[in-house]
Structure formats: C-alpha cells, structure tokens
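Printed here is start-v3.txt (compact mmCIF, C-alpha atoms and all ligand atoms):
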# COMPACT_ATOMS: atom_id res chain seq x y z
CA MET L 763 -86.13 -24.64 50.25
CA ASN L 764 -84.10 -27.81 49.75
CA GLU L 765 -86.14 -30.72 48.50
CA ARG L 766 -84.74 -33.50 50.61
CA TRP L 767 -85.43 -33.92 54.31
CA ILE L 768 -82.20 -33.69 56.30
CA PRO L 769 -82.64 -35.71 59.48
CA PHE L 770 -81.16 -34.53 62.76
CA HIS L 771 -79.06 -37.68 62.86
CA ALA L 772 -78.18 -40.69 60.71
CA PRO L 773 -75.67 -43.34 61.81
CA SER L 774 -72.56 -43.99 59.69
CA ILE L 775 -73.03 -47.68 59.06
CA SER L 776 -71.77 -49.24 55.85
CA GLU L 777 -71.07 -52.64 54.33
CA GLU L 778 -68.02 -53.22 56.58
CA GLU L 779 -70.14 -53.19 59.75
CA ILE L 780 -72.75 -55.38 58.08
CA ALA L 781 -70.05 -57.85 57.02
CA ALA L 782 -68.54 -57.90 60.52
CA VAL L 783 -71.93 -58.70 62.02
CA GLY L 784 -72.50 -61.43 59.44
CA GLU L 785 -69.13 -62.96 60.23
CA THR L 786 -69.90 -62.91 63.95
CA LEU L 787 -73.28 -64.56 63.44
CA ARG L 788 -71.69 -67.24 61.27
CA SER L 789 -68.94 -67.84 63.85
CA GLY L 790 -71.51 -69.30 66.22
CA TRP L 791 -70.31 -67.09 69.12
CA LEU L 792 -72.92 -64.40 69.68
CA THR L 793 -72.49 -63.06 73.16
CA THR L 794 -69.45 -61.83 75.13
CA GLY L 795 -66.32 -63.39 73.68
CA SER L 796 -63.15 -62.62 71.78
CA ARG L 797 -64.58 -59.66 69.85
CA VAL L 798 -65.60 -57.92 73.06
CA ARG L 799 -62.11 -58.49 74.52
CA GLU L 800 -60.52 -57.10 71.36
CA PHE L 801 -62.83 -54.07 71.33
CA GLU L 802 -62.01 -53.38 74.99
CA GLU L 803 -58.28 -53.58 74.34
CA GLU L 804 -58.39 -51.37 71.25
CA PHE L 805 -60.64 -48.85 72.97
CA ALA L 806 -58.43 -48.65 76.09
CA ARG L 807 -55.43 -48.05 73.87
CA ARG L 808 -57.24 -45.30 71.97
CA VAL L 809 -58.22 -43.34 75.07
CA GLY L 810 -54.97 -43.93 76.96
CA ALA L 811 -56.44 -46.06 79.74
CA LYS L 812 -55.04 -49.30 81.13
CA TYR L 813 -58.40 -51.09 81.26
CA ALA L 814 -61.74 -50.92 79.48
CA VAL L 815 -64.88 -52.81 80.45
CA ALA L 816 -67.55 -53.13 77.76
CA THR L 817 -71.23 -52.91 78.72
CA ASN L 818 -74.57 -53.06 76.95
CA SER L 819 -75.19 -49.32 77.45
CA GLY L 820 -73.56 -46.10 78.61
CA THR L 821 -76.05 -46.05 81.47
CA ALA L 822 -74.82 -49.48 82.61
CA ALA L 823 -71.21 -48.23 82.48
CA LEU L 824 -72.10 -45.27 84.73
CA HIS L 825 -73.93 -47.59 87.12
CA ILE L 826 -71.07 -50.08 87.57
CA ALA L 827 -68.51 -47.25 87.79
CA LEU L 828 -70.28 -45.55 90.70
CA GLU L 829 -70.89 -48.92 92.32
CA ALA L 830 -67.21 -49.85 92.04
CA LEU L 831 -66.23 -46.55 93.66
CA GLY L 832 -68.44 -47.33 96.62
CA VAL L 833 -71.37 -44.95 96.08
CA GLY L 834 -74.30 -46.16 98.15
CA GLU L 835 -77.12 -45.41 100.56
CA GLY L 836 -77.01 -41.89 101.99
CA ASP L 837 -74.30 -40.55 99.65
CA GLU L 838 -74.70 -37.46 97.51
CA VAL L 839 -73.41 -37.39 93.94
CA MET L 840 -72.89 -34.14 92.02
CA VAL L 841 -74.55 -34.29 88.60
CA PRO L 842 -75.03 -31.44 86.12
CA THR L 843 -78.65 -30.52 85.44
CA MET L 844 -77.80 -30.03 81.76
CA THR L 845 -77.61 -33.70 80.88
CA PHE L 846 -79.55 -36.75 79.82
CA ALA L 847 -81.66 -38.83 82.24
CA ALA L 848 -79.00 -41.54 82.62
CA THR L 849 -76.39 -39.44 84.44
CA ALA L 850 -78.63 -38.94 87.48
CA GLU L 851 -80.78 -42.06 87.41
CA VAL L 852 -77.83 -44.38 88.06
CA VAL L 853 -77.30 -42.51 91.34
CA HIS L 854 -80.84 -43.55 92.34
CA TYR L 855 -80.10 -47.17 91.45
CA LEU L 856 -77.50 -47.16 94.24
CA GLY L 857 -79.75 -45.56 96.84
CA ALA L 858 -77.77 -42.33 96.75
CA LYS L 859 -79.01 -38.80 96.03
CA PRO L 860 -78.18 -36.90 92.86
CA VAL L 861 -77.48 -33.24 93.61
CA LEU L 862 -78.03 -31.19 90.48
CA ILE L 863 -75.53 -28.51 89.50
CA ASP L 864 -76.14 -25.50 87.25
CA CYS L 865 -74.22 -25.09 83.98
CA GLU L 866 -72.10 -22.25 82.74
CA SER L 867 -73.60 -20.60 79.74
CA VAL L 868 -70.91 -20.87 77.04
CA THR L 869 -69.84 -24.53 76.97
CA LEU L 870 -72.93 -25.67 78.95
CA ASN L 871 -70.59 -27.77 81.12
CA LEU L 872 -71.13 -27.77 84.87
CA ASP L 873 -70.47 -24.50 86.65
CA LEU L 874 -67.44 -24.94 88.92
CA ASN L 875 -68.60 -22.32 91.42
CA ALA L 876 -71.99 -23.94 91.77
CA LEU L 877 -70.24 -27.31 92.13
CA ASP L 878 -67.95 -25.99 94.86
CA HIS L 879 -70.91 -24.54 96.80
CA ALA L 880 -72.97 -27.74 96.60
CA ILE L 881 -70.36 -30.05 98.16
CA THR L 882 -71.25 -31.26 101.66
CA SER L 883 -69.87 -33.85 104.07
CA ARG L 884 -72.18 -36.42 102.43
CA THR L 885 -70.79 -35.83 98.92
CA LYS L 886 -69.14 -38.94 97.57
CA ALA L 887 -68.57 -38.37 93.86
CA ILE L 888 -68.72 -35.91 90.97
CA VAL L 889 -70.02 -36.94 87.54
CA PRO L 890 -68.96 -34.26 85.05
CA VAL L 891 -70.56 -34.47 81.60
CA HIS L 892 -68.51 -33.23 78.66
CA PHE L 893 -71.43 -31.48 77.06
CA GLY L 894 -71.64 -32.02 73.31
CA GLY L 895 -68.04 -33.23 73.31
CA HIS L 896 -66.43 -30.15 74.91
CA PRO L 897 -64.27 -31.36 77.83
CA CYS L 898 -64.98 -29.98 81.29
CA GLU L 899 -62.23 -28.21 83.23
CA MET L 900 -60.73 -31.42 84.53
CA ASP L 901 -57.77 -29.82 86.39
CA GLN L 902 -60.12 -27.78 88.56
CA ILE L 903 -62.51 -30.70 89.02
CA ARG L 904 -59.65 -32.97 90.06
CA ASP L 905 -58.33 -30.36 92.54
CA LEU L 906 -61.79 -29.99 94.05
CA ALA L 907 -62.21 -33.76 94.23
CA GLN L 908 -58.83 -34.20 95.91
CA ARG L 909 -59.55 -31.46 98.44
CA HIS L 910 -62.82 -33.13 99.45
CA GLN L 911 -61.72 -36.74 98.79
CA LEU L 912 -64.38 -37.35 96.17
CA ALA L 913 -64.44 -39.88 93.37
CA VAL L 914 -64.69 -38.59 89.79
CA VAL L 915 -66.62 -40.58 87.19
CA GLU L 916 -66.71 -38.78 83.86
CA ASP L 917 -69.82 -39.12 81.74
CA ALA L 918 -68.05 -39.07 78.39
CA ALA L 919 -71.09 -40.19 76.39
CA HIS L 920 -70.37 -37.27 74.02
CA ALA L 921 -66.63 -37.14 74.35
CA PHE L 922 -64.93 -40.10 72.70
CA GLN L 923 -61.88 -38.55 70.92
CA ALA L 924 -62.08 -35.31 72.88
CA GLN L 925 -58.88 -34.17 74.57
CA TYR L 926 -58.21 -32.03 77.60
CA ARG L 927 -54.78 -30.37 77.59
CA ASP L 928 -53.57 -32.96 75.05
CA ARG L 929 -54.82 -35.90 77.12
CA PRO L 930 -57.58 -38.02 75.62
CA ILE L 931 -60.80 -38.15 77.60
CA GLY L 932 -60.89 -41.66 79.02
CA GLY L 933 -57.53 -41.74 80.76
CA ILE L 934 -57.89 -38.86 83.21
CA SER L 935 -60.29 -39.62 86.08
CA ASP L 936 -60.98 -42.61 88.34
CA VAL L 937 -63.40 -44.04 85.80
CA THR L 938 -64.67 -42.63 82.49
CA CYS L 939 -67.89 -43.85 80.86
CA PHE L 940 -68.73 -43.85 77.17
CA SER L 941 -71.95 -44.56 75.27
CA PHE L 942 -72.28 -46.28 71.90
CA TYR L 943 -75.99 -45.57 71.51
CA ALA L 944 -77.24 -45.20 67.93
CA THR L 945 -76.88 -41.40 67.88
CA LYS L 946 -73.43 -41.27 69.43
CA SER L 947 -70.30 -40.58 67.41
CA LEU L 948 -69.20 -44.21 67.65
CA THR L 949 -72.09 -46.67 67.75
CA THR L 950 -72.63 -50.35 68.40
CA GLY L 951 -76.42 -49.96 68.25
CA GLU L 952 -76.55 -50.06 72.02
CA GLY L 953 -73.42 -50.26 74.12
CA GLY L 954 -71.04 -48.58 76.49
CA MET L 955 -67.56 -48.71 78.00
CA ALA L 956 -65.99 -47.87 81.34
CA THR L 957 -62.27 -47.07 81.29
CA THR L 958 -59.88 -46.87 84.23
CA ASP L 959 -56.23 -47.29 85.21
CA ASN L 960 -57.21 -49.20 88.36
CA ALA L 961 -57.04 -52.99 87.98
CA ALA L 962 -59.20 -53.71 91.03
CA TRP L 963 -62.00 -51.44 89.82
CA ALA L 964 -61.76 -52.87 86.30
CA ASN L 965 -62.00 -56.45 87.60
CA HIS L 966 -64.90 -55.57 89.88
CA MET L 967 -66.79 -53.76 87.11
CA ARG L 968 -66.23 -56.66 84.71
CA CYS L 969 -67.52 -59.09 87.31
CA MET L 970 -70.60 -56.92 87.92
CA THR L 971 -71.49 -56.86 84.20
CA LEU L 972 -72.17 -60.62 84.44
CA HIS L 973 -74.14 -61.29 87.63
CA GLY L 974 -71.16 -60.79 89.95
CA ILE L 975 -69.95 -64.20 88.86
CA THR L 976 -66.33 -65.35 88.87
CA LYS L 977 -64.80 -68.51 87.53
CA ASP L 978 -61.27 -67.82 88.76
CA ALA L 979 -61.10 -70.08 91.80
CA TRP L 980 -61.96 -73.17 89.80
CA ASN L 981 -59.95 -72.25 86.72
CA ARG L 982 -56.77 -72.27 88.75
CA TYR L 983 -57.11 -76.03 89.08
CA THR L 984 -58.94 -77.21 85.99
CA ALA L 985 -59.11 -76.72 82.25
CA ALA L 986 -60.82 -73.53 81.07
CA GLY L 987 -64.41 -73.76 80.02
CA SER L 988 -65.63 -75.70 82.99
CA TRP L 989 -69.17 -75.50 84.28
CA PHE L 990 -68.14 -74.16 87.68
CA TYR L 991 -68.87 -70.58 88.77
CA GLU L 992 -69.20 -68.59 91.96
CA ILE L 993 -71.43 -65.62 92.72
CA GLN L 994 -69.26 -63.10 94.57
CA PHE L 995 -71.65 -60.13 94.42
CA PRO L 996 -75.27 -59.50 93.47
CA GLY L 997 -74.31 -58.25 90.04
CA PHE L 998 -76.12 -57.04 86.93
CA LYS L 999 -76.72 -58.25 83.37
CA TYR L 1000 -74.75 -55.59 81.56
CA ASN L 1001 -72.38 -57.51 79.28
CA MET L 1002 -71.78 -56.45 75.68
CA THR L 1003 -72.37 -58.99 72.91
CA ASP L 1004 -69.77 -59.96 70.29
CA ILE L 1005 -72.31 -58.80 67.68
CA SER L 1006 -72.11 -55.26 69.09
CA ALA L 1007 -68.35 -55.41 69.55
CA ALA L 1008 -67.93 -56.44 65.90
CA ILE L 1009 -69.68 -53.20 64.88
CA GLY L 1010 -67.61 -51.26 67.41
CA LEU L 1011 -64.30 -52.57 66.08
CA VAL L 1012 -65.14 -51.39 62.56
CA GLN L 1013 -66.42 -48.04 63.87
CA LEU L 1014 -63.21 -47.59 65.85
CA GLU L 1015 -61.16 -47.94 62.67
CA LYS L 1016 -63.20 -45.21 60.99
CA SER L 1017 -63.45 -42.91 63.98
CA ASP L 1018 -60.60 -40.60 62.96
CA GLN L 1019 -62.31 -39.93 59.64
CA PHE L 1020 -65.61 -39.44 61.43
CA LEU L 1021 -64.05 -36.84 63.72
CA ILE L 1022 -62.50 -34.98 60.78
CA ALA L 1023 -65.90 -34.88 59.08
CA ARG L 1024 -67.70 -33.55 62.18
CA THR L 1025 -64.98 -30.98 62.82
CA GLU L 1026 -65.28 -29.74 59.23
CA ILE L 1027 -69.06 -29.43 59.51
CA ALA L 1028 -68.70 -27.45 62.74
CA ALA L 1029 -66.19 -25.13 61.07
CA MET L 1030 -68.50 -24.61 58.08
CA TYR L 1031 -71.44 -23.74 60.32
CA SER L 1032 -69.40 -21.37 62.46
CA ALA L 1033 -68.01 -19.57 59.41
CA ALA L 1034 -71.44 -19.34 57.80
CA PHE L 1035 -73.18 -17.95 60.89
CA ALA L 1036 -70.41 -15.62 62.08
CA ASP L 1037 -72.19 -12.53 60.76
CA LEU L 1038 -75.55 -13.33 62.40
CA PRO L 1039 -76.09 -11.48 65.70
CA GLU L 1040 -79.32 -13.47 66.10
CA LEU L 1041 -77.44 -16.55 67.20
CA HIS L 1042 -74.26 -17.63 68.97
CA CYS L 1043 -72.16 -20.52 67.70
CA PRO L 1044 -70.48 -23.03 70.02
CA ARG L 1045 -66.75 -22.56 70.47
CA ALA L 1046 -63.95 -24.79 71.66
CA GLU L 1047 -61.58 -23.43 74.31
CA THR L 1048 -58.00 -23.35 73.04
CA HIS L 1049 -56.73 -25.97 75.53
CA VAL L 1050 -59.22 -28.66 74.45
CA ASP L 1051 -59.96 -30.76 71.38
CA HIS L 1052 -63.71 -30.82 70.86
CA ALA L 1053 -65.33 -34.13 69.82
CA TRP L 1054 -68.20 -32.26 68.10
CA HIS L 1055 -70.84 -34.81 69.02
CA LEU L 1056 -73.33 -31.92 69.09
CA TYR L 1057 -73.42 -28.51 67.46
CA VAL L 1058 -75.61 -26.40 69.71
CA ILE L 1059 -76.39 -22.83 68.70
CA GLN L 1060 -77.87 -20.36 71.18
CA LEU L 1061 -80.51 -18.02 69.83
CA GLU L 1062 -80.36 -14.33 70.75
CA LEU L 1063 -84.08 -14.23 71.47
CA SER L 1064 -84.18 -10.42 71.88
CA ARG L 1065 -83.30 -10.17 68.19
CA LEU L 1066 -85.90 -12.68 67.01
CA ARG L 1067 -89.70 -12.54 66.84
CA ILE L 1068 -90.05 -16.26 67.53
CA SER L 1069 -89.28 -18.66 70.35
CA ARG L 1070 -86.84 -21.55 70.22
CA ASN L 1071 -89.68 -24.02 69.64
CA GLU L 1072 -90.97 -21.93 66.73
CA PHE L 1073 -87.42 -21.69 65.38
CA ILE L 1074 -87.21 -25.50 65.31
CA ASP L 1075 -90.65 -25.69 63.64
CA ALA L 1076 -89.51 -23.18 61.03
CA LEU L 1077 -86.38 -25.27 60.34
CA LYS L 1078 -88.63 -28.28 59.92
CA LYS L 1079 -90.63 -26.40 57.28
CA GLU L 1080 -87.28 -25.84 55.53
CA ASN L 1081 -86.76 -29.64 55.63
CA VAL L 1082 -84.13 -29.63 58.35
CA GLY L 1083 -84.37 -31.73 61.50
CA ALA L 1084 -83.12 -30.07 64.69
CA SER L 1085 -83.27 -31.06 68.33
CA VAL L 1086 -82.72 -29.80 71.89
CA HIS L 1087 -79.98 -31.03 74.24
CA PHE L 1088 -81.19 -31.14 76.91
CA ILE L 1089 -84.32 -30.35 78.84
CA PRO L 1090 -82.43 -29.74 82.11
CA LEU L 1091 -83.15 -32.41 84.71
CA HIS L 1092 -84.50 -29.89 87.25
CA LEU L 1093 -87.38 -29.03 84.88
CA HIS L 1094 -88.63 -32.63 84.71
CA PRO L 1095 -91.60 -33.63 86.86
CA TYR L 1096 -89.73 -36.30 88.83
CA TYR L 1097 -86.96 -33.94 89.94
CA ARG L 1098 -89.33 -31.04 90.62
CA LYS L 1099 -91.64 -33.21 92.73
CA THR L 1100 -89.00 -35.20 94.57
CA PHE L 1101 -86.51 -32.44 95.37
CA GLY L 1102 -88.67 -29.33 95.07
CA TYR L 1103 -86.36 -27.84 92.45
CA ARG L 1104 -87.53 -24.60 90.86
CA SER L 1105 -86.26 -23.12 87.65
CA GLU L 1106 -84.70 -20.17 89.60
CA ASP L 1107 -82.45 -22.63 91.42
CA PHE L 1108 -80.54 -23.12 88.17
CA PRO L 1109 -80.62 -19.67 86.55
CA GLN L 1110 -78.09 -20.40 83.82
CA ALA L 1111 -79.43 -23.76 82.70
CA SER L 1112 -83.01 -22.46 82.83
CA ALA L 1113 -82.16 -19.42 80.67
CA VAL L 1114 -80.00 -21.38 78.24
CA PHE L 1115 -82.69 -24.03 77.79
CA ASP L 1116 -85.00 -21.46 76.15
CA ARG L 1117 -82.50 -20.66 73.43
CA ILE L 1118 -80.60 -23.84 72.51
CA VAL L 1119 -80.98 -25.61 69.18
CA SER L 1120 -78.92 -28.63 68.12
CA LEU L 1121 -78.18 -28.72 64.39
CA PRO L 1122 -77.39 -31.89 62.40
CA ILE L 1123 -73.71 -32.88 62.57
CA TYR L 1124 -72.68 -36.35 61.41
CA PRO L 1125 -70.25 -37.81 58.85
CA LYS L 1126 -72.99 -39.02 56.54
CA MET L 1127 -73.89 -35.40 55.73
CA THR L 1128 -72.79 -34.33 52.28
CA LEU L 1129 -71.47 -30.88 51.48
CA GLU L 1130 -74.90 -30.18 49.94
CA ASP L 1131 -76.59 -31.24 53.19
CA VAL L 1132 -74.42 -28.88 55.22
CA GLN L 1133 -75.09 -26.05 52.79
CA ALA L 1134 -78.81 -26.80 52.93
CA VAL L 1135 -78.78 -26.56 56.74
CA ILE L 1136 -76.87 -23.28 56.51
CA ARG L 1137 -79.39 -21.92 54.00
CA ALA L 1138 -82.32 -23.04 56.16
CA VAL L 1139 -80.93 -21.39 59.31
CA ARG L 1140 -80.18 -18.16 57.44
CA THR L 1141 -83.64 -18.18 55.84
CA VAL L 1142 -85.38 -18.61 59.20
CA VAL L 1143 -83.25 -15.91 60.80
CA ALA L 1144 -83.94 -13.51 57.93
CA GLN L 1145 -87.65 -14.23 58.08
CA TYR L 1146 -88.01 -13.70 61.81
CA ARG L 1147 -85.38 -11.16 62.82
CA ARG L 1148 -86.64 -8.12 64.68
C1 LIG G 1 -76.43 -41.08 75.62
C2 LIG G 1 -76.08 -40.59 76.99
C3 LIG G 1 -75.93 -41.44 78.10
C4 LIG G 1 -76.38 -42.88 78.15
O1 LIG G 1 -76.05 -43.66 77.17
P1 LIG G 1 -76.86 -45.00 76.77
O2 LIG G 1 -75.82 -45.72 76.03
O3 LIG G 1 -78.02 -44.57 75.96
O4 LIG G 1 -77.25 -45.69 78.04
C5 LIG G 1 -75.45 -40.91 79.28
N1 LIG G 1 -75.16 -39.61 79.40
C6 LIG G 1 -75.32 -38.75 78.38
C7 LIG G 1 -74.98 -37.32 78.59
C8 LIG G 1 -75.80 -39.20 77.15
O5 LIG G 1 -75.99 -38.33 76.14
Translate the structure of the given file into structure tokens.
Amino acid sequence: MNERWIPFHAPSISEEEIAAVGETLRSGWLTTGSRVREFEEEFARRVGAKYAVATNSGTAALHIALEALGVGEGDEVMVPTMTFAATAEVVHYLGAKPVLIDCESVTLNLDLNALDHAITSRTKAIVPVHFGGHPCEMDQIRDLAQRHQLAVVEDAAHAFQAQYRDRPIGGISDVTCFSFYATKSLTTGEGGMATTDNAAWANHMRCMTLHGITKDAWNRYTAAGSWFYEIQFPGFKYNMTDISAAIGLVQLEKSDQFLIARTEIAAMYSAAFADLPELHCPRAETHVDHAWHLYVIQLELSRLRISRNEFIDALKKENVGASVHFIPLHLHPYYRKTFGYRSEDFPQASAVFDRIVSLPIYPKMTLEDVQAVIRAVRTVVAQYRR
C-alpha cells in the first residue's frame, strides 16, 4: 500500500494565483471591474464565442441562460438524470418543470432516443450535460431542437476545452454554461460563465447578474461613473468579483498544460487497466476531444465479489480517494416524491449508477500518485475478483 493519502481532488493553485489575488486586493477594486471584463473577453476567445458573461457560479450561469431564452411558468425543460443538482434546480427557479432523461451507458451522456420520446408541445429547452468532459452528440441535439423549435443551453460545467467535431464547446449552442467551482478543471474558487453569439442575450444576461440594473440611459448624456441607475428587470445578484477573475485569468493561461496533464493521466489509467475484465475504462469517441474532467470506470459487478460502495471503501484502505458522479437525480427523494419517478423509469442510469467509480484525475498528481492509484485499483480487483 502507498503511504500517502491521495485525495480524490486537489486544485492546481500556485504562487501566480496568490500573487494575482494580492494585486487585486491592493488595487482597491474588489468586485466586478476590469479583471472580470478581461476574463470574459479571454474566455470568449478561447471557446470561440462572441460574448461571455461571468457569474458567481455555474448554477447562476444556467439560471440566467434559461431566463434569457424565455423559459418560464408551465414550460418543460429536458435535463439528463445523470447530472448534478444544479442542472435541474434552475428550471424550478423559473417555475418550469424539469423532465429527466435517461443516459446512454458508455459516455453517460443523455440518451437521444429517450430525449426524442420525452419532447411534448410544452417542451421549451434542452440542457445537455457533457458528462465528465465528453461532448454530447451536438449535431443530433441541434437537429432535434430545430425540428421542435427548442432552445439549447449546454451545461458545460465539465467541458471547458472539450471539442465536438473540431469546434470548442462554448461556441455551438444558443448559450453554453461553465462552472469554475473548486473541483472543476479551471477554478476561481466559485464562479461561472455563460457564452453566446447573441448580443441581445448576452446584454440581458449581464444585466440580470446585477439586479436587472442598467446605467445606459444616463451614461449617454453624462460622464461615466454617475450615481444614476435604472431597474429594468427584477434581476439577481450573480456578478463575479475581480478577485475571482484574477484567479481565472491565471488559470486560463495554464489551462492547456492542465489539459495535457489530465489527458496523460487518463491514457495511463486506460493502458494500465486494459487487461482487467473486471472494469471498463471510459473512452472518447473519435470525433470529439475529451476534456477529462472526470475519469469514471464502470465495474463489471458479475466478475467481482463486492459492490461499488465496497470497492470505494477498499480503495480508501489503499489510501486512494474515489467518488461517484452522480447519484442520478431520479433517485433523490425530492424527485421521487414530486414526480413519482421510479428507478425502472431510467433503466440505464439506474444500472450504471451501481457500478460507477470516479478516480482521481488532476494536474497536481505526480507520476507516483498515478502509479499508486493504478496499483490500488489492481490490488482491489485482484483481492475481490470472482
Ligand atoms: C459543478 C456543476 C454545476 C454547477 O456549478 P457551480 O459552479 O457549483 O454552481 C452544474 N452542472 C454540473 C454537471 C456540475 O458538475
């Protein structure tokens, strides 16, 4: 057993981020200002979008995106069940109904057949999640959306730097939303971004991040920086701070190296586990570039004497932290009680949930760390194979 505990995740923060935060604090400008604007511009450029609107979380970005696209009372929004709480809860914020969609069992992205079948006359939008950083089939989703005149808001919380048919995620759909939460591949502590090519949506979303307030009317006639403002909409308090943006700008510069590191770790795992019939490694389709936010193995439970939970406990005894992404939404009490969902309604997500394990994958991992994880997985498999 390796001596050191290898956590499931550790952020890649170094002296540069610390210095950038110090500089921001010393500048006297703490909240939304020039660093946020610069981060938005750089980020938009990186993902091939015309506009980017920074927020204080990925959840906030999803909320303002759906709001800008007109989702409201009585609408249905298609959301995969294999996702985090945020993707569906923002639909509730707007008085609309999230309709959960099963996943397909290889990439764990939403199942296009199930999606097609769930669309009704009340459907307003689709929120595909690029699970773990593997892009969804955006051509098919776009065709479906066009046929039914639906908005598409991508939940790209895992997919910064992913590409679909050589197009970066972020410049494809109506609006794409990113998260910079502490565990995400680019972090600002907390933070998010909504990208779009539509100027009207971008302006509206930006306005909604700060109480629905505009200063434009007055600024046309007076010097900037006046005290005048107008409330145009009942907005939210979702603006990103310059402190966060300062971290984000440094992270953005390092993000290519980060991606190389994660891709290498994924390749090492896949090579090391290729001979183990007791588990299946994640794969990237040939027409996508995977962001490798997560590395999710699927246990072949018929070949093991232990459950997924026991597998994770056994890894812990080997000093390796693992996790599960995700407990599908339909298995949570709120969704079961409110919508009467049963596990049979989502056969693929329900089955997959019993066998998924997320292994550590982050740039801070050393070669020794990766080898230790590989050893731990192989030890557990050897110990408990049938
Ligand atoms: C992290 C995450 C979010 C929300 O991001 P926050 O920045 O924490 O609000 C949304 N969707 C998915 C799939 C996520 O993993």
If I wrap all listed atoms of ligand LIG 1 (chain G) in a box with edges along x, y and z and add 5 Å on each side, what are its centre and edge lengths in Å to one decimal, as lines of an AutoDock Vina configuration file?
center_x = -76.5
center_y = -41.5
center_z = 77.5
size_x = 13.0
size_y = 18.4
size_z = 13.8
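Shortest separation to Ile1009 of chain L among L:Val783, L:Val915, L:Ala921, L:Leu1056 occurs at residue L:Val783, atoms counted being only C-alpha atoms.
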List every residue of chain L that has an atom at most 6 Å from any atom of ligand LIG 1 (chain G), and for each one report the closest atom pair and its distance in Å to one decimal, counting only C-alpha atoms and all ligand atoms, with rows sorted by chain and then by increasing residue number, as JSON lines.
{"residue": "L:Ser819", "atom": "CA", "partner": "G:LIG1", "partner_atom": "O2", "distance": 3.9}
{"residue": "L:Gly820", "atom": "CA", "partner": "G:LIG1", "partner_atom": "O2", "distance": 3.5}
{"residue": "L:Thr821", "atom": "CA", "partner": "G:LIG1", "partner_atom": "O4", "distance": 3.7}
{"residue": "L:Thr845", "atom": "CA", "partner": "G:LIG1", "partner_atom": "C7", "distance": 5.0}
{"residue": "L:Phe846", "atom": "CA", "partner": "G:LIG1", "partner_atom": "C7", "distance": 4.8}
{"residue": "L:Ala848", "atom": "CA", "partner": "G:LIG1", "partner_atom": "C5", "distance": 4.9}
{"residue": "L:Thr849", "atom": "CA", "partner": "G:LIG1", "partner_atom": "N1", "distance": 5.2}
{"residue": "L:Asp917", "atom": "CA", "partner": "G:LIG1", "partner_atom": "N1", "distance": 5.9}
{"residue": "L:Ala919", "atom": "CA", "partner": "G:LIG1", "partner_atom": "C8", "distance": 4.9}
{"residue": "L:Ser941", "atom": "CA", "partner": "G:LIG1", "partner_atom": "O2", "distance": 4.1}
{"residue": "L:Phe942", "atom": "CA", "partner": "G:LIG1", "partner_atom": "O2", "distance": 5.5}
{"residue": "L:Tyr943", "atom": "CA", "partner": "G:LIG1", "partner_atom": "O2", "distance": 4.5}
{"residue": "L:Glu952", "atom": "CA", "partner": "G:LIG1", "partner_atom": "O2", "distance": 6.0}
{"residue": "L:Gly953", "atom": "CA", "partner": "G:LIG1", "partner_atom": "O2", "distance": 5.5}
{"residue": "L:Gly954", "atom": "CA", "partner": "G:LIG1", "partner_atom": "O2", "distance": 5.6}
When you look at Lys1016 of chain L with a cut-off of 12 Å (counting only C-alpha atoms), what residues show up, excluding the ones that are within fewer than 3 positions of it in the same chain? I need them as a compact mmCIF listing (two decimals) with C-alpha atoms, in the coordinates of the input.
# COMPACT_ATOMS: atom_id res chain seq x y z
CA SER L 774 -72.56 -43.99 59.69
CA ILE L 775 -73.03 -47.68 59.06
CA SER L 776 -71.77 -49.24 55.85
CA GLU L 778 -68.02 -53.22 56.58
CA GLU L 779 -70.14 -53.19 59.75
CA SER L 947 -70.30 -40.58 67.41
CA LEU L 948 -69.20 -44.21 67.65
CA THR L 949 -72.09 -46.67 67.75
CA ILE L 1009 -69.68 -53.20 64.88
CA GLY L 1010 -67.61 -51.26 67.41
CA LEU L 1011 -64.30 -52.57 66.08
CA VAL L 1012 -65.14 -51.39 62.56
CA GLN L 1013 -66.42 -48.04 63.87
CA GLN L 1019 -62.31 -39.93 59.64
CA PHE L 1020 -65.61 -39.44 61.43
CA LEU L 1021 -64.05 -36.84 63.72
CA ILE L 1022 -62.50 -34.98 60.78
CA ALA L 1023 -65.90 -34.88 59.08
CA PRO L 1125 -70.25 -37.81 58.85
Listing only residues of segment 904-989 of chain L within 12 Å of segment 785-801 of chain L, what is the closest atom pair and its distance in Å (to one decimal) for each, using only C-alpha atoms, sorted by chain and residue number ascending, as CSV?
residue,atom,partner,partner_atom,distance
L:Thr950,CA,L:Phe801,CA,10.9
L:Gly953,CA,L:Val798,CA,11.0
L:Gly954,CA,L:Phe801,CA,11.1
L:Met955,CA,L:Phe801,CA,9.8
L:Arg968,CA,L:Arg799,CA,11.1
L:Thr971,CA,L:Thr794,CA,10.5
L:Leu972,CA,L:Thr794,CA,9.8
Fill in: Atom pair atom CA of Ser1120 of chain L / atom CA of Val937 of chain L: separation (Å)
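Atom-to-atom, atom CA of Ser1120 of chain L and atom CA of Val937 of chain L are spaced 28.1 Å apart.
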Discussion item. For Ile1136 of chain L, find every residue with an atom within 12 Å (counting only C-alpha atoms), except residues of its own chain fewer than 5 positions away, and show them as a PyMOL selection string.
Written reply: chain L and resi 763-764+768+1027-1036+1038+1077+1080-1082+1121-1123+1129-1131+1141-1143
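For the set L:Asp873, L:Glu802, L:Asp928, L:Asp1037, the residue with the smallest atom-to-atom gap to Gln902 of chain L is L:Asp873, counting all atoms listed in the file.
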If you count all atoms listed in the file, which residues fall within 10 Å of Phe1088 of chain L, apart from same-chain ones fewer than 6 positions away, as a PDB file with C-alpha atoms, keeping the file's coordinate frame?
ATOM      1  CA  THR L 843     -78.650 -30.520  85.440  1.00  0.00           C
ATOM      2  CA  MET L 844     -77.800 -30.030  81.760  1.00  0.00           C
ATOM      3  CA  THR L 845     -77.610 -33.700  80.880  1.00  0.00           C
ATOM      4  CA  PHE L 846     -79.550 -36.750  79.820  1.00  0.00           C
ATOM      5  CA  ALA L 847     -81.660 -38.830  82.240  1.00  0.00           C
ATOM      6  CA  PHE L 893     -71.430 -31.480  77.060  1.00  0.00           C
ATOM      7  CA  ALA L1111     -79.430 -23.760  82.700  1.00  0.00           C
ATOM      8  CA  VAL L1114     -80.000 -21.380  78.240  1.00  0.00           C
ATOM      9  CA  PHE L1115     -82.690 -24.030  77.790  1.00  0.00           C
ATOM     10  CA  ILE L1118     -80.600 -23.840  72.510  1.00  0.00           C
ATOM     11  CA  VAL L1119     -80.980 -25.610  69.180  1.00  0.00           C
ATOM     12  CA  SER L1120     -78.920 -28.630  68.120  1.00  0.00           C
TER      13      SER L1120
END
